[in-house]
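Shown below: structure_1.cif, with mmCIF, C-alpha atoms.
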```cif
data_structure
#
loop_
_atom_site.label_atom_id
_atom_site.label_comp_id
_atom_site.auth_asym_id
_atom_site.auth_seq_id
_atom_site.Cartn_x
_atom_site.Cartn_y
_atom_site.Cartn_z
CA MET A 1 0.00 0.00 0.00
CA VAL A 2 1.42 3.37 -1.05
CA VAL A 3 1.09 6.05 1.59
CA ASN A 4 0.25 9.48 0.22
CA ARG A 5 2.36 11.59 2.59
CA LYS A 6 1.11 14.89 1.20
CA GLN A 7 -2.52 13.90 1.81
CA GLN A 8 -1.59 12.58 5.25
CA ILE A 9 -0.08 15.98 6.08
CA ILE A 10 -3.10 17.86 4.69
CA ASP A 11 -5.49 15.70 6.72
CA ALA A 12 -3.45 16.17 9.89
CA ALA A 13 -3.20 19.93 9.34
CA THR A 14 -6.95 20.18 8.67
CA LYS A 15 -7.58 18.36 11.94
CA SER A 16 -5.17 20.62 13.83
CA PHE A 17 -6.59 23.84 12.33
CA SER A 18 -10.10 22.58 13.12
CA LEU A 19 -9.25 21.80 16.74
CA PHE A 20 -6.82 24.57 17.65
CA GLY A 21 -7.29 27.26 15.01
CA TYR A 22 -4.73 28.74 12.71
CA LYS A 23 -2.72 30.68 15.27
CA ALA A 24 -2.31 27.80 17.72
CA THR A 25 -1.43 25.19 15.10
CA THR A 26 2.28 24.51 14.72
CA MET A 27 4.16 22.50 12.14
CA ASP A 28 5.37 20.29 15.01
CA GLN A 29 1.74 19.45 15.85
CA VAL A 30 0.96 18.71 12.21
CA ALA A 31 4.03 16.46 11.93
CA LYS A 32 3.03 14.59 15.08
CA LEU A 33 -0.60 14.14 13.91
CA ALA A 34 0.56 13.06 10.43
CA ASN A 35 3.13 10.73 11.94
CA VAL A 36 5.89 12.21 9.77
CA GLY A 37 9.05 14.15 10.44
CA LYS A 38 8.72 17.93 10.36
CA GLY A 39 11.15 18.01 7.42
CA THR A 40 8.73 15.87 5.39
CA ILE A 41 6.14 18.62 5.62
CA TYR A 42 8.60 21.10 4.15
CA THR A 43 9.17 18.87 1.10
CA PHE A 44 5.53 19.61 0.15
CA PHE A 45 4.84 23.04 1.70
CA LYS A 46 7.29 25.86 2.30
CA ASN A 47 5.43 27.12 5.39
CA LYS A 48 2.26 26.97 7.45
CA GLU A 49 0.60 29.63 5.28
CA GLU A 50 1.07 27.58 2.11
CA LEU A 51 -0.32 24.47 3.81
CA PHE A 52 -3.28 26.46 5.12
CA ASP A 53 -3.90 27.93 1.65
CA GLU A 54 -3.98 24.43 0.14
CA ILE A 55 -6.58 23.36 2.70
CA VAL A 56 -8.71 26.46 2.15
CA SER A 57 -8.59 26.02 -1.65
CA THR A 58 -9.90 22.48 -1.21
CA LEU A 59 -12.57 23.76 1.18
CA ILE A 60 -13.74 26.28 -1.44
CA LEU A 61 -13.96 23.53 -4.07
CA GLU A 62 -15.99 21.37 -1.67
CA MET A 63 -18.37 24.29 -0.99
CA LYS A 64 -18.89 24.83 -4.73
CA GLU A 65 -19.49 21.11 -5.25
CA ALA A 66 -22.03 21.12 -2.42
CA ALA A 67 -23.83 24.04 -4.07
CA GLU A 68 -23.77 22.43 -7.52
CA GLN A 69 -25.35 19.26 -6.11
CA VAL A 70 -28.59 21.11 -5.30
CA ILE A 71 -28.88 23.03 -8.58
CA ASP A 72 -31.79 21.73 -10.64
CA PRO A 73 -32.08 22.99 -14.23
CA GLN A 74 -35.85 22.54 -14.01
CA LEU A 75 -36.14 25.10 -11.21
CA SER A 76 -36.15 28.88 -11.50
CA PHE A 77 -33.05 30.98 -11.00
CA PHE A 78 -34.25 32.20 -7.58
CA GLU A 79 -35.07 28.71 -6.35
CA ASN A 80 -31.64 27.50 -7.42
CA VAL A 81 -29.80 30.45 -5.89
CA HIS A 82 -31.72 29.93 -2.66
CA ARG A 83 -30.86 26.22 -2.65
CA ALA A 84 -27.19 26.86 -3.47
CA LEU A 85 -26.74 29.64 -0.90
CA TYR A 86 -28.52 27.65 1.77
CA ARG A 87 -26.27 24.64 1.04
CA ILE A 88 -23.09 26.76 1.11
CA LEU A 89 -24.01 28.36 4.42
CA GLU A 90 -25.15 25.04 5.85
CA PHE A 91 -21.76 23.64 4.81
CA ARG A 92 -19.99 26.54 6.54
CA LYS A 93 -22.08 26.05 9.66
CA GLN A 94 -21.41 22.31 9.87
CA HIS A 95 -17.79 22.05 8.72
CA GLN A 96 -15.53 22.00 11.79
CA LEU A 97 -12.74 23.98 10.12
CA THR A 98 -14.98 26.88 9.07
CA ILE A 99 -16.58 26.96 12.52
CA LYS A 100 -13.14 27.27 14.14
CA LEU A 101 -12.01 29.90 11.63
CA PHE A 102 -15.10 32.05 12.23
CA GLN A 103 -14.49 31.77 15.96
CA GLU A 104 -10.81 32.70 15.63
CA GLU A 105 -11.59 35.63 13.33
CA ARG A 106 -14.20 36.96 15.74
CA GLU A 107 -12.23 36.42 18.95
CA MET A 108 -8.64 37.05 17.91
CA GLY A 109 -8.72 38.75 14.54
CA THR A 110 -5.76 36.68 13.29
CA PRO A 111 -4.66 38.39 10.03
CA ALA A 112 -4.10 35.10 8.15
CA VAL A 113 -7.59 33.94 9.14
CA GLN A 114 -9.14 37.28 8.16
CA GLU A 115 -7.48 36.90 4.76
CA VAL A 116 -8.87 33.38 4.37
CA MET A 117 -12.37 34.50 5.36
CA LYS A 118 -12.18 37.21 2.68
CA LYS A 119 -11.06 34.55 0.19
CA LEU A 120 -14.01 32.31 1.16
CA GLU A 121 -16.48 35.19 0.82
CA SER A 122 -14.99 36.24 -2.52
CA ALA A 123 -15.27 32.69 -3.83
CA ILE A 124 -18.94 32.49 -2.79
CA ILE A 125 -19.69 35.88 -4.33
CA ALA A 126 -17.91 34.89 -7.57
CA TYR A 127 -19.96 31.69 -7.71
CA ILE A 128 -23.27 33.55 -7.20
CA LYS A 129 -22.19 36.26 -9.65
CA GLN A 130 -21.64 33.61 -12.32
CA LYS A 131 -25.14 32.21 -11.72
CA ILE A 132 -26.60 35.74 -11.93
CA GLU A 133 -24.78 36.43 -15.22
CA GLU A 134 -26.10 33.14 -16.64
CA ALA A 135 -29.64 34.08 -15.57
CA ILE A 136 -29.32 37.52 -17.18
CA GLU A 137 -28.12 35.90 -20.44
CA LYS A 138 -31.09 33.51 -20.41
CA GLY A 139 -33.47 36.39 -19.75
CA GLU A 140 -34.57 34.94 -16.40
CA ILE A 141 -33.78 38.16 -14.54
CA ARG A 142 -33.31 41.83 -15.41
CA PRO A 143 -29.83 43.13 -16.19
CA CYS A 144 -28.10 44.28 -12.99
CA ASP A 145 -24.67 44.61 -11.47
CA ALA A 146 -24.07 40.90 -10.90
CA GLU A 147 -21.32 41.37 -8.34
CA ILE A 148 -23.26 43.79 -6.12
CA THR A 149 -26.36 41.59 -6.41
CA ALA A 150 -24.33 38.50 -5.46
CA PHE A 151 -22.88 40.38 -2.48
CA LEU A 152 -26.34 41.47 -1.31
CA MET A 153 -27.77 37.97 -1.73
CA LEU A 154 -24.97 36.47 0.34
CA LYS A 155 -25.27 39.12 3.05
CA LEU A 156 -29.04 38.64 3.27
CA TYR A 157 -28.52 34.91 3.73
CA VAL A 158 -25.80 35.38 6.34
CA ALA A 159 -28.05 37.80 8.21
CA LEU A 160 -31.05 35.46 8.12
CA ILE A 161 -29.14 32.30 9.01
CA PHE A 162 -26.45 33.47 11.43
CA ASP A 163 -27.25 36.95 12.70
CA TRP A 164 -31.00 36.49 13.24
CA GLU A 165 -30.35 33.43 15.42
CA LYS A 166 -28.33 35.47 17.92
CA ASN A 167 -31.50 37.02 19.38
CA HIS A 168 -34.36 35.05 17.82
CA GLU A 169 -35.52 31.54 17.12
CA PRO A 170 -33.78 30.16 14.00
CA LEU A 171 -35.77 30.60 10.80
CA GLU A 172 -36.94 27.56 8.90
CA LYS A 173 -35.45 26.97 5.45
CA GLU A 174 -38.86 27.70 3.88
CA LYS A 175 -39.15 31.04 5.70
CA ILE A 176 -35.69 32.06 4.50
CA ALA A 177 -36.70 31.17 0.93
CA GLU A 178 -39.92 33.18 1.32
CA LEU A 179 -38.03 36.25 2.58
CA PHE A 180 -35.39 35.89 -0.13
CA GLU A 181 -38.13 35.77 -2.77
CA LEU A 182 -39.90 38.76 -1.24
CA TYR A 183 -36.84 41.01 -1.13
CA PHE A 184 -35.13 39.93 -4.35
CA LEU A 185 -37.85 38.67 -6.66
CA LYS A 186 -40.95 40.67 -5.77
CA GLY A 187 -39.61 43.66 -3.88
CA LEU A 188 -41.58 45.52 -1.25
CA SER A 189 -43.64 47.68 -3.63
CA LYS A 190 -47.34 46.92 -4.01
#
```
Serialized structure, structure tokens:
Amino acid sequence: MVVNRKQQIIDAATKSFSLFGYKATTMDQVAKLANVGKGTIYTFFKNKEELFDEIVSTLILEMKEAAEQVIDPQLSFFENVHRALYRILEFRKQHQLTIKLFQEEREMGTPAVQEVMKKLESAIIAYIKQKIEEAIEKGEIRPCDAEITAFLMLKLYVALIFDWEKNHEPLEKEKIAELFELYFLKGLSK
């Protein structure tokens, strides 16, 4: 059996970042968890930042894959965006690494973590923007600034899923979809 050392290191680092956060994770810990010498890590990654970046890039791909799984070509643009956003945020809420990163960003403001959170948000916005541009091309929605619209859609979802829960009962998935449709599809005008 061939042992994939690089994957072993990535798995160990993911576990360490998930348990201890970025700041508290050391290459010594990763080496110990991966059951490799510290020097072996440096044959694949020049530093902790590069290893972390590799993990985050994989995380972004997994989030996109999770979103793509719920896209149904038979459904409307808004139903698909709702399903994709909900899945992405559900993924973020359940994935141990993203939970720890949000906690570290909020509590410690670690610059490397702040940078990664920006990268995650940018990737989500780029994904939504692409879906908006496709919908505009198909004539499903009016022409608009796709990037600003993607940003607003994401922020509405974050507010309804994470922020609302801080002081209220969590909203059901159906209620979030209803509010999303009201504010983005129908608007508040009579």
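The gap separating atom CA of Glu140 of chain A from atom CA of Leu75 of chain A is 11.2 Å, in Å to one decimal.
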Which is closest to Lys15 of chain A among A:Ala135, A:Leu61, A:Leu154, A:Ala31, if we use only C-alpha atoms? A:Ala31
Counting only C-alpha atoms, which residues have an atom no more than 10 Å from (-23.6, 19.4, -1.5) in the file's coordinates? Please list them as a count of residues only. 15
Using all atoms listed in the file, determine which residues lie at most 12 Å from Tyr183 of chain A, disregarding the query and same-chain residues fewer than 5 positions distant; provide the list as a ChimeraX atom specification. /A:78,149,152-153,156-157,176-178,188-189
Hey, can you spit out that residue selection with C-alpha atoms as a short mmCIF file (atom, residue, chain, number, x, y, z; two decimals), in the frame of the given file?
```
data_model
loop_
_atom_site.label_atom_id
_atom_site.label_comp_id
_atom_site.auth_asym_id
_atom_site.auth_seq_id
_atom_site.Cartn_x
_atom_site.Cartn_y
_atom_site.Cartn_z
CA PHE A 78 -34.25 32.20 -7.58
CA THR A 149 -26.36 41.59 -6.41
CA LEU A 152 -26.34 41.47 -1.31
CA MET A 153 -27.77 37.97 -1.73
CA LEU A 156 -29.04 38.64 3.27
CA TYR A 157 -28.52 34.91 3.73
CA ILE A 176 -35.69 32.06 4.50
CA ALA A 177 -36.70 31.17 0.93
CA GLU A 178 -39.92 33.18 1.32
CA LEU A 188 -41.58 45.52 -1.25
CA SER A 189 -43.64 47.68 -3.63
#
```
Counting only C-alpha atoms, which residues come within 12 Å of (-17.2, 25.0, 3.7), with the point read in the file's coordinates, and could you list them as a PyMOL selection string? chain A and resi 55-67+85-102+116-117+119-121+123-124
Gln114 of chain A proximity check over A:Tyr22, A:Trp164, A:Phe151, A:Phe17, using all atoms listed in the file: winner is A:Tyr22
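The interatomic distance for the pair atom CA of Ile9 of chain A and atom CA of Ala34 of chain A works out to 5.3 Å.
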Reference answer for the PyMOL selection byres ((chain A and resi 41-52) around 8), as an NGL selection string: :A and (6 or 9-10 or 13 or 26-27 or 31 or 36-40 or 53-56 or 112)
Could those selected residues go to a file with C-alpha atoms, as a PDB file, keeping the file's coordinate frame?
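As a result, out-v3.pdb now contains:
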```pdb
ATOM      1  CA  LYS A   6       1.110  14.890   1.200  1.00  0.00           C
ATOM      2  CA  ILE A   9      -0.080  15.980   6.080  1.00  0.00           C
ATOM      3  CA  ILE A  10      -3.100  17.860   4.690  1.00  0.00           C
ATOM      4  CA  ALA A  13      -3.200  19.930   9.340  1.00  0.00           C
ATOM      5  CA  THR A  26       2.280  24.510  14.720  1.00  0.00           C
ATOM      6  CA  MET A  27       4.160  22.500  12.140  1.00  0.00           C
ATOM      7  CA  ALA A  31       4.030  16.460  11.930  1.00  0.00           C
ATOM      8  CA  VAL A  36       5.890  12.210   9.770  1.00  0.00           C
ATOM      9  CA  GLY A  37       9.050  14.150  10.440  1.00  0.00           C
ATOM     10  CA  LYS A  38       8.720  17.930  10.360  1.00  0.00           C
ATOM     11  CA  GLY A  39      11.150  18.010   7.420  1.00  0.00           C
ATOM     12  CA  THR A  40       8.730  15.870   5.390  1.00  0.00           C
ATOM     13  CA  ASP A  53      -3.900  27.930   1.650  1.00  0.00           C
ATOM     14  CA  GLU A  54      -3.980  24.430   0.140  1.00  0.00           C
ATOM     15  CA  ILE A  55      -6.580  23.360   2.700  1.00  0.00           C
ATOM     16  CA  VAL A  56      -8.710  26.460   2.150  1.00  0.00           C
ATOM     17  CA  ALA A 112      -4.100  35.100   8.150  1.00  0.00           C
TER      18      ALA A 112
END
```
Nearest to Glu134 of chain A: which of A:Phe77, A:Lys155, A:Leu171, A:Gly109 is it, counting all atoms listed in the file?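 The shortest atom-to-atom distance to Glu134 of chain A comes from A:Phe77.
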Looking at only C-alpha atoms, which of A:Glu147, A:Asp11, A:Asp72, A:Glu104 is the one that sits closest to Lys23 of chain A?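 Once distances to Lys23 of chain A are computed over only C-alpha atoms, the minimum belongs to A:Glu104.
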Using all atoms listed in the file: which of A:Gln103, A:Arg5, A:Val81, A:Glu137 has the shortest distance to Ile125 of chain A: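 Using all atoms listed in the file, Ile125 of chain A sits closest to A:Val81.
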Interatomic distance, atom CA of Gln74 of chain A to atom CA of Ser122 of chain A (Å, one decimal): 27.5 Å
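Across A:Arg106, A:Lys166, A:Lys32, A:Lys138, the tightest approach to Ser76 of chain A is made by A:Lys138 when counting all atoms listed in the file.
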